[in-house]
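Participant: What follows is the file protein-v8.txt, containing compact mmCIF, C-alpha atoms and all ligand atoms:
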# COMPACT_ATOMS: atom_id res chain seq x y z
CA MET Q 1 -17.57 -85.08 -31.25
CA SER Q 2 -18.62 -88.26 -29.54
CA GLY Q 3 -17.22 -90.55 -32.23
CA ASP Q 4 -20.04 -93.05 -31.87
CA GLY Q 5 -20.07 -93.67 -35.60
CA ALA Q 6 -23.34 -91.83 -36.35
CA VAL Q 7 -23.68 -90.78 -39.96
CA THR Q 8 -23.91 -86.98 -40.13
CA ASN Q 9 -24.47 -86.76 -43.87
CA GLY Q 10 -21.81 -84.12 -44.28
CA THR Q 11 -23.53 -81.43 -42.16
CA GLU Q 12 -22.71 -80.70 -38.51
CA SER Q 13 -25.80 -81.53 -36.50
CA GLY Q 14 -27.05 -78.69 -34.28
CA ILE Q 15 -28.16 -78.71 -30.67
CA THR Q 16 -31.15 -77.22 -28.89
CA VAL Q 17 -30.74 -75.58 -25.49
CA THR Q 18 -33.21 -73.92 -23.14
CA VAL Q 19 -32.11 -70.66 -21.54
CA LYS Q 20 -33.72 -69.31 -18.37
CA SER Q 21 -33.04 -65.90 -16.88
CA PHE Q 22 -33.64 -64.69 -13.34
CA ALA Q 23 -33.77 -61.48 -11.33
CA THR Q 24 -32.50 -58.31 -13.00
CA PHE Q 25 -31.48 -60.16 -16.18
CA ARG Q 26 -35.21 -60.33 -16.85
CA GLU Q 27 -35.18 -56.56 -17.36
CA VAL Q 28 -33.21 -57.00 -20.59
CA MET Q 29 -34.16 -60.46 -21.89
CA GLU Q 30 -36.96 -63.00 -21.95
CA THR Q 31 -37.49 -65.22 -18.92
CA GLN Q 32 -37.13 -68.37 -21.02
CA LEU Q 33 -36.23 -69.18 -24.61
CA VAL Q 34 -35.20 -72.15 -26.71
CA LEU Q 35 -32.21 -71.71 -29.01
CA GLN Q 36 -30.69 -73.77 -31.82
CA LEU Q 37 -26.90 -73.66 -31.77
CA PRO Q 38 -24.31 -75.34 -33.98
CA GLY Q 39 -22.76 -78.59 -32.79
CA GLY Q 40 -19.62 -77.87 -30.77
CA ALA Q 41 -21.19 -74.73 -29.25
CA THR Q 42 -19.86 -73.54 -25.90
CA VAL Q 43 -21.13 -71.14 -23.25
CA GLN Q 44 -19.22 -68.45 -25.17
CA THR Q 45 -21.20 -69.27 -28.35
CA LEU Q 46 -24.44 -69.03 -26.42
CA LEU Q 47 -23.59 -65.70 -24.78
CA ALA Q 48 -22.56 -64.24 -28.17
CA GLU Q 49 -25.95 -65.26 -29.54
CA LEU Q 50 -27.78 -63.79 -26.53
CA THR Q 51 -25.89 -60.49 -26.46
CA ALA Q 52 -26.56 -60.06 -30.20
CA ARG Q 53 -30.25 -60.58 -29.52
CA TYR Q 54 -30.63 -58.46 -26.39
CA SER Q 55 -28.98 -55.06 -26.25
CA GLY Q 56 -28.21 -54.27 -22.64
CA LEU Q 57 -27.31 -57.86 -21.74
CA GLY Q 58 -23.65 -57.56 -22.76
CA GLY Q 59 -22.89 -54.91 -20.16
CA MET Q 60 -24.59 -56.97 -17.46
CA LEU Q 61 -22.61 -60.11 -18.33
CA PHE Q 62 -19.16 -58.83 -19.25
CA ALA Q 63 -16.68 -56.57 -17.42
CA ALA Q 64 -14.64 -56.29 -20.66
CA PRO Q 65 -14.92 -58.10 -24.00
CA GLY Q 66 -14.49 -61.81 -23.32
CA ARG Q 67 -14.25 -61.29 -19.54
CA LEU Q 68 -17.34 -62.38 -17.68
CA ARG Q 69 -18.25 -60.43 -14.53
CA ASP Q 70 -17.11 -62.82 -11.81
CA TYR Q 71 -20.40 -62.72 -9.88
CA VAL Q 72 -22.58 -63.67 -12.86
CA ASN Q 73 -23.82 -67.20 -12.34
CA ILE Q 74 -24.29 -69.46 -15.34
CA LEU Q 75 -25.60 -72.92 -14.51
CA LYS Q 76 -25.49 -75.79 -16.97
CA ASN Q 77 -28.10 -78.26 -15.72
CA GLY Q 78 -27.59 -76.96 -12.17
CA ARG Q 79 -23.79 -76.95 -12.29
CA ASN Q 80 -22.07 -73.56 -12.21
CA VAL Q 81 -19.75 -73.19 -15.22
CA HIS Q 82 -17.24 -71.59 -12.83
CA PHE Q 83 -16.62 -75.18 -11.68
CA LEU Q 84 -16.51 -76.55 -15.24
CA ALA Q 85 -14.57 -74.84 -18.03
CA GLY Q 86 -16.07 -71.34 -17.71
CA LEU Q 87 -16.85 -69.75 -21.07
CA ASP Q 88 -15.30 -72.77 -22.82
CA THR Q 89 -17.75 -75.20 -21.22
CA PRO Q 90 -19.23 -77.27 -24.08
CA LEU Q 91 -23.00 -77.36 -24.46
CA ASP Q 92 -24.98 -80.50 -25.23
CA ASP Q 93 -28.33 -81.07 -26.84
CA GLY Q 94 -31.13 -80.63 -24.28
CA ASP Q 95 -29.09 -78.56 -21.81
CA VAL Q 96 -30.91 -76.11 -19.56
CA ILE Q 97 -28.82 -73.02 -18.99
CA ALA Q 98 -29.77 -70.66 -16.15
CA LEU Q 99 -28.38 -67.12 -15.95
CA PHE Q 100 -28.60 -65.05 -12.79
CA PRO Q 101 -26.82 -62.31 -10.90
CA PRO Q 102 -26.94 -63.12 -7.17
CA LEU Q 103 -28.90 -60.56 -5.18
CA ALA Q 104 -27.33 -58.95 -2.13
CA GLY Q 105 -29.86 -56.69 -0.38
CA GLY Q 106 -31.57 -57.43 2.90
CA MET R 1 -40.54 -70.52 29.50
CA GLN R 2 -43.96 -70.09 28.09
CA GLU R 3 -46.75 -69.45 30.57
CA THR R 4 -50.47 -70.21 30.79
CA GLY R 5 -52.61 -68.99 27.95
CA GLU R 6 -49.90 -70.22 25.59
CA ASN R 7 -52.11 -73.05 24.35
CA GLU R 8 -54.65 -70.46 23.33
CA ARG R 9 -51.96 -68.30 21.68
CA TYR R 10 -50.89 -71.16 19.42
CA ARG R 11 -54.34 -72.73 18.94
CA ARG R 12 -54.54 -71.99 15.23
CA GLN R 13 -51.09 -73.40 14.42
CA ALA R 14 -51.34 -76.47 16.68
CA ALA R 15 -53.11 -78.36 13.94
CA VAL R 16 -50.24 -77.52 11.58
CA VAL R 17 -47.17 -78.25 13.70
CA GLY R 18 -48.68 -80.55 16.35
CA GLU R 19 -47.98 -80.50 20.10
CA GLY R 20 -44.54 -81.96 19.56
CA GLY R 21 -43.80 -79.35 16.92
CA GLN R 22 -44.87 -76.52 19.22
CA ALA R 23 -42.67 -77.90 21.99
CA ALA R 24 -39.76 -78.09 19.52
CA LEU R 25 -40.34 -74.44 18.58
CA ALA R 26 -40.34 -73.44 22.25
CA ARG R 27 -37.01 -75.24 22.77
CA ALA R 28 -35.39 -73.85 19.62
CA ARG R 29 -32.59 -71.27 19.68
CA ILE R 30 -32.00 -69.21 16.57
CA VAL R 31 -29.87 -66.28 15.52
CA ILE R 32 -31.21 -63.69 13.11
CA ALA R 33 -28.23 -61.95 11.50
CA GLY R 34 -29.38 -58.50 10.45
CA ALA R 35 -32.32 -56.51 11.79
CA GLY R 36 -33.28 -54.81 8.53
CA GLY R 37 -35.99 -55.66 6.03
CA LEU R 38 -35.49 -59.43 5.94
CA GLY R 39 -34.70 -59.51 9.66
CA SER R 40 -37.95 -57.68 10.47
CA ALA R 41 -40.17 -60.22 8.70
CA ILE R 42 -38.19 -63.19 10.01
CA ALA R 43 -38.09 -61.97 13.61
CA LEU R 44 -41.78 -61.05 13.79
CA TYR R 45 -42.96 -64.38 12.38
CA CYS R 46 -40.50 -66.46 14.41
CA ALA R 47 -41.47 -64.68 17.65
CA ALA R 48 -45.16 -64.97 16.84
CA ALA R 49 -44.73 -68.70 16.14
CA GLY R 50 -43.18 -69.17 19.59
CA ILE R 51 -39.53 -69.91 18.77
CA GLY R 52 -38.14 -69.96 22.31
CA GLN R 53 -34.84 -68.10 22.07
CA ILE R 54 -34.07 -65.46 19.47
CA ARG R 55 -30.69 -63.75 19.24
CA ILE R 56 -30.88 -60.74 16.92
CA VAL R 57 -27.72 -59.08 15.66
CA ASP R 58 -27.17 -55.69 14.01
CA CYS R 59 -24.81 -52.75 14.48
CA ASP R 60 -26.98 -49.94 13.12
CA THR R 61 -29.43 -47.38 14.43
CA VAL R 62 -32.87 -46.86 12.91
CA GLU R 63 -32.98 -44.32 10.09
CA VAL R 64 -36.10 -42.83 8.58
CA SER R 65 -35.21 -44.34 5.18
CA ASN R 66 -35.41 -47.84 6.78
CA LEU R 67 -39.11 -47.52 7.49
CA ASN R 68 -40.37 -48.49 4.01
CA ARG R 69 -39.36 -52.09 4.71
CA GLN R 70 -38.10 -52.59 8.28
CA ILE R 71 -41.45 -53.24 9.91
CA LEU R 72 -39.97 -53.94 13.35
CA TYR R 73 -39.66 -50.17 13.80
CA ARG R 74 -41.98 -47.21 14.20
CA THR R 75 -41.29 -43.58 13.32
CA GLY R 76 -40.58 -42.89 17.00
CA ASP R 77 -37.72 -45.42 16.91
CA VAL R 78 -35.62 -43.30 14.51
CA GLY R 79 -32.21 -42.81 16.13
CA ALA R 80 -32.56 -45.82 18.46
CA GLU R 81 -30.31 -48.90 18.32
CA LYS R 82 -32.02 -51.37 16.02
CA VAL R 83 -31.51 -54.41 18.19
CA THR R 84 -32.84 -52.62 21.30
CA ALA R 85 -35.97 -51.41 19.50
CA ALA R 86 -36.38 -54.84 17.88
CA ALA R 87 -36.13 -56.65 21.23
CA GLU R 88 -38.81 -54.40 22.75
CA ASP R 89 -41.13 -54.99 19.81
CA LEU R 90 -40.63 -58.76 19.85
CA ARG R 91 -41.15 -59.03 23.64
CA ALA R 92 -44.35 -57.00 23.32
CA LEU R 93 -45.53 -59.34 20.57
CA ASN R 94 -44.70 -62.50 22.55
CA PRO R 95 -43.49 -62.24 26.16
CA GLY R 96 -42.93 -66.01 26.17
CA VAL R 97 -39.97 -65.63 23.81
CA GLU R 98 -36.50 -64.89 25.15
CA VAL R 99 -34.88 -62.20 23.00
CA GLU R 100 -31.15 -61.52 23.11
CA PRO R 101 -30.18 -58.29 21.31
CA VAL R 102 -26.54 -58.16 20.20
CA ARG R 103 -25.21 -54.88 18.83
CA THR R 104 -22.18 -55.78 16.78
CA ARG R 105 -20.87 -55.94 13.24
CA ILE R 106 -20.72 -59.43 11.71
CA THR R 107 -17.17 -60.26 10.63
CA ALA R 108 -14.97 -63.32 10.34
CA GLY R 109 -13.89 -62.46 13.90
CA SER R 110 -17.34 -62.17 15.48
CA ALA R 111 -19.16 -64.87 13.48
CA ALA R 112 -18.08 -67.82 15.63
CA SER R 113 -19.42 -66.35 18.87
CA LEU R 114 -22.66 -65.25 17.19
CA VAL R 115 -23.57 -68.80 16.11
CA GLU R 116 -22.53 -70.26 19.48
CA GLY R 117 -25.31 -72.23 21.14
CA VAL R 118 -27.91 -71.87 18.38
CA ASP R 119 -29.74 -74.51 16.36
CA LEU R 120 -30.29 -72.40 13.28
CA VAL R 121 -28.85 -69.31 11.55
CA LEU R 122 -31.08 -66.96 9.56
CA ASP R 123 -29.25 -64.79 7.04
CA ALA R 124 -30.90 -61.37 6.93
CA LEU R 125 -27.72 -59.56 5.95
CA ASP R 126 -27.14 -57.01 3.21
CA ASN R 127 -23.63 -57.92 2.07
CA PHE R 128 -21.72 -61.05 1.12
CA ALA R 129 -18.57 -60.44 3.17
CA ALA R 130 -20.65 -60.91 6.34
CA ARG R 131 -22.71 -63.72 4.76
CA TYR R 132 -19.61 -65.77 3.84
CA ALA R 133 -18.14 -65.31 7.34
CA LEU R 134 -21.35 -66.35 9.08
CA ALA R 135 -22.14 -69.21 6.68
CA HIS R 136 -18.64 -70.61 7.16
CA ALA R 137 -18.92 -70.45 10.97
CA ALA R 138 -22.31 -72.20 10.80
CA TRP R 139 -21.05 -74.83 8.35
CA GLN R 140 -18.07 -75.72 10.55
CA ARG R 141 -20.41 -76.35 13.48
CA GLY R 142 -22.98 -78.29 11.47
CA ILE R 143 -25.65 -75.60 11.94
CA PRO R 144 -28.28 -75.05 9.20
CA PHE R 145 -28.06 -71.62 7.51
CA ILE R 146 -31.11 -70.16 5.79
CA HIS R 147 -30.09 -67.65 3.12
CA GLY R 148 -32.21 -64.87 1.69
CA ALA R 149 -31.44 -61.77 -0.40
CA VAL R 150 -33.46 -59.19 -2.31
CA HIS R 151 -33.22 -56.49 -4.97
CA GLY R 152 -36.16 -54.39 -6.10
CA LEU R 153 -39.03 -56.81 -6.70
CA TYR R 154 -36.71 -59.84 -6.96
CA GLY R 155 -35.62 -62.21 -4.24
CA GLN R 156 -33.78 -65.49 -3.68
CA ALA R 157 -33.72 -68.02 -0.85
CA THR R 158 -32.05 -71.33 -0.14
CA THR R 159 -31.44 -73.56 2.87
CA ILE R 160 -27.94 -74.83 3.55
CA ILE R 161 -27.52 -77.89 5.74
CA PRO R 162 -23.96 -79.10 6.30
CA GLY R 163 -23.49 -82.52 4.71
CA ARG R 164 -26.81 -82.33 2.87
CA SER R 165 -26.47 -79.36 0.53
CA PRO R 166 -23.87 -77.22 -1.22
CA CYS R 167 -22.37 -74.43 0.90
CA LEU R 168 -23.00 -70.70 0.36
CA ARG R 169 -19.65 -70.25 -1.46
CA CYS R 170 -20.71 -72.86 -3.98
CA ILE R 171 -24.16 -71.34 -4.53
CA VAL R 172 -22.75 -67.80 -4.82
CA PRO R 173 -19.06 -68.24 -5.75
CA ALA R 174 -18.31 -64.51 -6.11
CA PRO R 175 -19.98 -61.65 -4.25
CA PRO R 176 -22.10 -59.18 -6.20
CA PRO R 177 -21.29 -55.50 -5.59
CA ASP R 178 -22.53 -54.03 -2.29
CA GLY R 179 -24.33 -50.75 -2.05
CA ALA R 180 -27.72 -49.29 -1.29
CA THR R 181 -29.93 -51.68 -3.26
CA PRO R 182 -33.36 -50.52 -4.37
CA ILE R 183 -35.92 -52.54 -2.38
CA LEU R 184 -39.67 -52.52 -2.16
CA GLY R 185 -40.62 -53.44 1.42
CA VAL R 186 -42.95 -56.22 0.36
CA THR R 187 -40.07 -58.06 -1.31
CA THR R 188 -38.27 -58.44 2.04
CA GLY R 189 -41.65 -59.53 3.43
CA VAL R 190 -41.98 -62.29 0.83
CA ILE R 191 -38.41 -63.59 1.16
CA GLY R 192 -38.25 -63.13 4.95
CA SER R 193 -41.51 -65.08 5.27
CA ILE R 194 -40.08 -67.88 3.12
CA GLN R 195 -36.99 -67.97 5.35
CA ALA R 196 -39.16 -68.08 8.50
CA THR R 197 -41.18 -70.92 6.93
CA GLU R 198 -37.96 -72.84 6.30
CA ALA R 199 -36.89 -72.21 9.93
CA ILE R 200 -40.18 -73.53 11.32
CA LYS R 201 -40.04 -76.59 9.03
CA CYS R 202 -36.42 -77.24 9.96
CA ILE R 203 -37.22 -77.07 13.70
CA THR R 204 -40.41 -79.13 13.56
CA GLY R 205 -39.10 -81.62 10.99
CA ARG R 206 -41.95 -81.02 8.55
CA GLY R 207 -42.07 -80.70 4.80
CA THR R 208 -39.32 -80.44 2.22
CA LEU R 209 -36.59 -77.87 2.71
CA LEU R 210 -34.94 -75.72 0.05
CA THR R 211 -31.70 -77.72 0.30
CA GLY R 212 -29.71 -77.93 -2.92
CA ARG R 213 -32.28 -75.65 -4.55
CA VAL R 214 -32.57 -71.90 -4.92
CA LEU R 215 -36.00 -70.30 -4.92
CA PHE R 216 -36.27 -67.22 -7.13
CA TRP R 217 -39.13 -64.83 -6.48
CA ASP R 218 -40.06 -62.41 -9.27
CA GLY R 219 -42.55 -59.85 -7.97
CA VAL R 220 -42.71 -58.09 -11.34
CA ARG R 221 -44.30 -61.15 -12.95
CA ALA R 222 -45.67 -62.81 -9.77
CA ASP R 223 -43.54 -65.81 -10.67
CA VAL R 224 -41.66 -68.35 -8.54
CA GLU R 225 -39.12 -70.82 -9.87
CA ILE R 226 -36.97 -73.25 -7.95
CA LEU R 227 -33.66 -74.30 -9.52
CA PRO R 228 -31.64 -77.31 -8.39
CA ILE R 229 -28.05 -76.22 -7.84
CA GLN R 230 -24.93 -78.30 -7.27
CA GLY R 231 -21.72 -77.34 -5.56
CA ASP R 232 -18.11 -77.42 -6.68
CA PRO R 233 -16.79 -81.01 -6.47
CA ALA R 234 -13.48 -79.46 -5.43
CA CYS R 235 -14.99 -77.29 -2.66
CA PRO R 236 -13.07 -77.86 0.58
CA ASP R 237 -16.23 -77.36 2.65
CA CYS R 238 -19.04 -79.21 0.91
CA GLY R 239 -17.29 -81.17 -1.85
CA GLY R 240 -20.22 -80.30 -4.11
CA ALA R 241 -22.75 -82.13 -1.92
CA ASP R 242 -26.14 -82.05 -3.63
CA ARG R 243 -28.11 -84.73 -1.87
ZN ZN A 301 -19.05 -75.67 -1.23
Starting from the coordinates I provided, produce the structure as structure tokens.
Facilitator:
Amino acid sequence: MSGDGAVTNGTESGITVTVKSFATFREVMETQLVLQLPGGATVQTLLAELTARYSGLGGMLFAAPGRLRDYVNILKNGRNVHFLAGLDTPLDDGDVIALFPPLAGG
Amino acid sequence: MQETGENERYRRQAAVVGEGGQAALARARIVIAGAGGLGSAIALYCAAAGIGQIRIVDCDTVEVSNLNRQILYRTGDVGAEKVTAAAEDLRALNPGVEVEPVRTRITAGSAASLVEGVDLVLDALDNFAARYALAHAAWQRGIPFIHGAVHGLYGQATTIIPGRSPCLRCIVPAPPPDGATPILGVTTGVIGSIQATEAIKCITGRGTLLTGRVLFWDGVRADVEILPIQGDPACPDCGGADR
């Protein structure tokens, strides 16, 4: 944690993130939702929560358990988690997470 | 060069782009990569708007299953080379536009010569191998690249300007699977029209471009959202540029 000396009163404080989905992900989940997650949550924590909520999403996100399909884009405040720490990317209170599969047709 | 009567042809858009803007369109040279669904909408609107030189590239012939979305072609064109039929159609629409049909496949080998001598690249392709090759060739030469792609009733578009936005690799780091995507023709019309709008703005210097932002069109919900997107700070091409 940030170690700024805040008193937590013995309970881990949670975070709130906004999740937005685009394109074909909208066929299996809502277009936007707000989620409470425990402090210390990562992208992995978030995806576990989402796949538990939306049947059909897991197969679109993962090639095998724990292995994200490489073309799935997950942006944390506009930054692709591919360029951060992937599934281990930590989430912060107020983050906006966008999920989309790039489209290819023309 | 554009002949007499051209003032009348562009009368209704003169108030939008101005005389200088119209002259800039007439001087502009673009390449439209792909003469399919996106390419049809882009080419028709760019020719109608008076973009002076249009190179259009595709290696295919017209098939009957193209006709739900590829509005450059008529039923009688089935079996013809796409770029030949497209050039005829565009010249008939606007004889003042110089059309250069190029029948070839877009690869890392051909990309450099295809972007040679143009001011702008319009991505109307259907696969990322060709998109990456063309986007890289454009980036290296400092040429803006206007990306579009569709699936079903969904579409995406973004404008890539070397030094001012992330590159295509950063926006789409890994290619989605290729294959015959389901597409409703109107979706290529929506996204192709957005790409043509970006081209006209880029050439005439008007408005705000989709640089560093991806526009997502959702035809199921009639919803548009624009997401800011940053590149990879370690990217050898763009260094994560997001200005
Ligand atoms: Zn890049």
Participant: List every protein, DNA or RNA residue that has at least one atom no more than 9 Å from (-28.9, -82.0, -24.1) in the file's coordinates, counting all atoms listed in the file, and write the result as a VMD selection string.
Facilitator: chain Q and resid 15 to 17 91 to 96
Participant: Would you pick out the contacts of stretch 195-210 of chain R at 9 Å or less, using all atoms listed in the file, so that residues sharing its chain but fewer than 3 positions from it are not included, and give the list as an mmCIF file with C-alpha atoms, in the coordinates of the input?
Facilitator:
data_model
loop_
_atom_site.group_PDB
_atom_site.id
_atom_site.type_symbol
_atom_site.label_atom_id
_atom_site.label_comp_id
_atom_site.auth_asym_id
_atom_site.auth_seq_id
_atom_site.Cartn_x
_atom_site.Cartn_y
_atom_site.Cartn_z
ATOM 1 C CA VAL R 17 -47.170 -78.250 13.700
ATOM 2 C CA GLY R 18 -48.680 -80.550 16.350
ATOM 3 C CA GLY R 20 -44.540 -81.960 19.560
ATOM 4 C CA GLY R 21 -43.800 -79.350 16.920
ATOM 5 C CA GLN R 22 -44.870 -76.520 19.220
ATOM 6 C CA ALA R 23 -42.670 -77.900 21.990
ATOM 7 C CA ALA R 24 -39.760 -78.090 19.520
ATOM 8 C CA LEU R 25 -40.340 -74.440 18.580
ATOM 9 C CA ALA R 28 -35.390 -73.850 19.620
ATOM 10 C CA ILE R 30 -32.000 -69.210 16.570
ATOM 11 C CA LEU R 38 -35.490 -59.430 5.940
ATOM 12 C CA ALA R 41 -40.170 -60.220 8.700
ATOM 13 C CA ILE R 42 -38.190 -63.190 10.010
ATOM 14 C CA ALA R 43 -38.090 -61.970 13.610
ATOM 15 C CA TYR R 45 -42.960 -64.380 12.380
ATOM 16 C CA CYS R 46 -40.500 -66.460 14.410
ATOM 17 C CA ALA R 49 -44.730 -68.700 16.140
ATOM 18 C CA ILE R 51 -39.530 -69.910 18.770
ATOM 19 C CA ASP R 119 -29.740 -74.510 16.360
ATOM 20 C CA LEU R 120 -30.290 -72.400 13.280
ATOM 21 C CA VAL R 121 -28.850 -69.310 11.550
ATOM 22 C CA LEU R 122 -31.080 -66.960 9.560
ATOM 23 C CA ASP R 123 -29.250 -64.790 7.040
ATOM 24 C CA PRO R 144 -28.280 -75.050 9.200
ATOM 25 C CA ILE R 146 -31.110 -70.160 5.790
ATOM 26 C CA HIS R 147 -30.090 -67.650 3.120
ATOM 27 C CA GLY R 148 -32.210 -64.870 1.690
ATOM 28 C CA ALA R 157 -33.720 -68.020 -0.850
ATOM 29 C CA THR R 158 -32.050 -71.330 -0.140
ATOM 30 C CA THR R 159 -31.440 -73.560 2.870
ATOM 31 C CA ILE R 160 -27.940 -74.830 3.550
ATOM 32 C CA VAL R 190 -41.980 -62.290 0.830
ATOM 33 C CA ILE R 191 -38.410 -63.590 1.160
ATOM 34 C CA GLY R 192 -38.250 -63.130 4.950
ATOM 35 C CA ARG R 213 -32.280 -75.650 -4.550
ATOM 36 C CA VAL R 214 -32.570 -71.900 -4.920
ATOM 37 C CA LEU R 215 -36.000 -70.300 -4.920
ATOM 38 C CA ILE R 226 -36.970 -73.250 -7.950
#
Participant: Kindly provide, as number ranges by chain, the residues of chain Q having any atom no farther than 10 Å from an atom of chain R, counting all atoms listed in the file.
Facilitator: Q: 22-24, 26-27, 31, 69-73, 75-84, 98, 100-106
Participant: Have a look at R:Leu67, R:Leu72, R:Val31, R:Cys238 and name the one nearest to ligand ZN 301 (chain A); count all atoms listed in the file.
Facilitator: R:Cys238
Participant: Near Q:Val43, counting only C-alpha atoms, which residues have an atom at most 7 Å away, once you skip same-chain residues fewer than 6 positions from it, shown as a list of chain:residue names?
Facilitator: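 Here the answer would be Q:Leu87, Q:Asp88, Q:Thr89, Q:Pro90, Q:Leu91.
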Participant: Could you please determine the separation between atom CA of R:Arg11 and atom CA of R:Arg27 in Å, to one decimal place?
Facilitator: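 Going from atom CA of R:Arg11 over to atom CA of R:Arg27, I get 17.9 Å.
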Participant: Could you state the separation of atom CA of R:Val102 and atom CA of R:Arg55 in Å, given to one decimal place?
Facilitator: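 Between atom CA of R:Val102 and atom CA of R:Arg55 the gap works out to 7.0 Å.
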Participant: Would you mind reading off the distance between atom CA of Q:Val19 and atom CA of Q:Ile97, one decimal, in Å?
Facilitator: 4.8 Å
Participant: If I wrap all listed atoms of stretch 183-196 of chain R in a box with edges along x, y and z and add 4 Å on each side, what are its centre and edge lengths in Å to one decimal, as lines of an AutoDock Vina configuration file?
Facilitator:
center_x = -39.4
center_y = -60.3
center_z = 3.1
size_x = 15.0
size_y = 23.6
size_z = 18.9
Participant: Would you list the residues near (-38.4, -64.7, 25.2), meaning any protein, DNA or RNA residue with an atom at most 9 Å from that point in file coordinates, counting all atoms listed in the file, as a ChimeraX atom specification?
Facilitator: /R:1-2,47,50-54,90-91,94-100
Participant: Let me make sure I understand: among R:Ala241, R:Ile32, R:Val57, R:Val83, which one has the smallest atom-to-atom distance to ligand ZN 301 (chain A) if we use only C-alpha atoms and all ligand atoms?
Facilitator: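 The answer is R:Ala241, which sits nearest to ligand ZN 301 (chain A).
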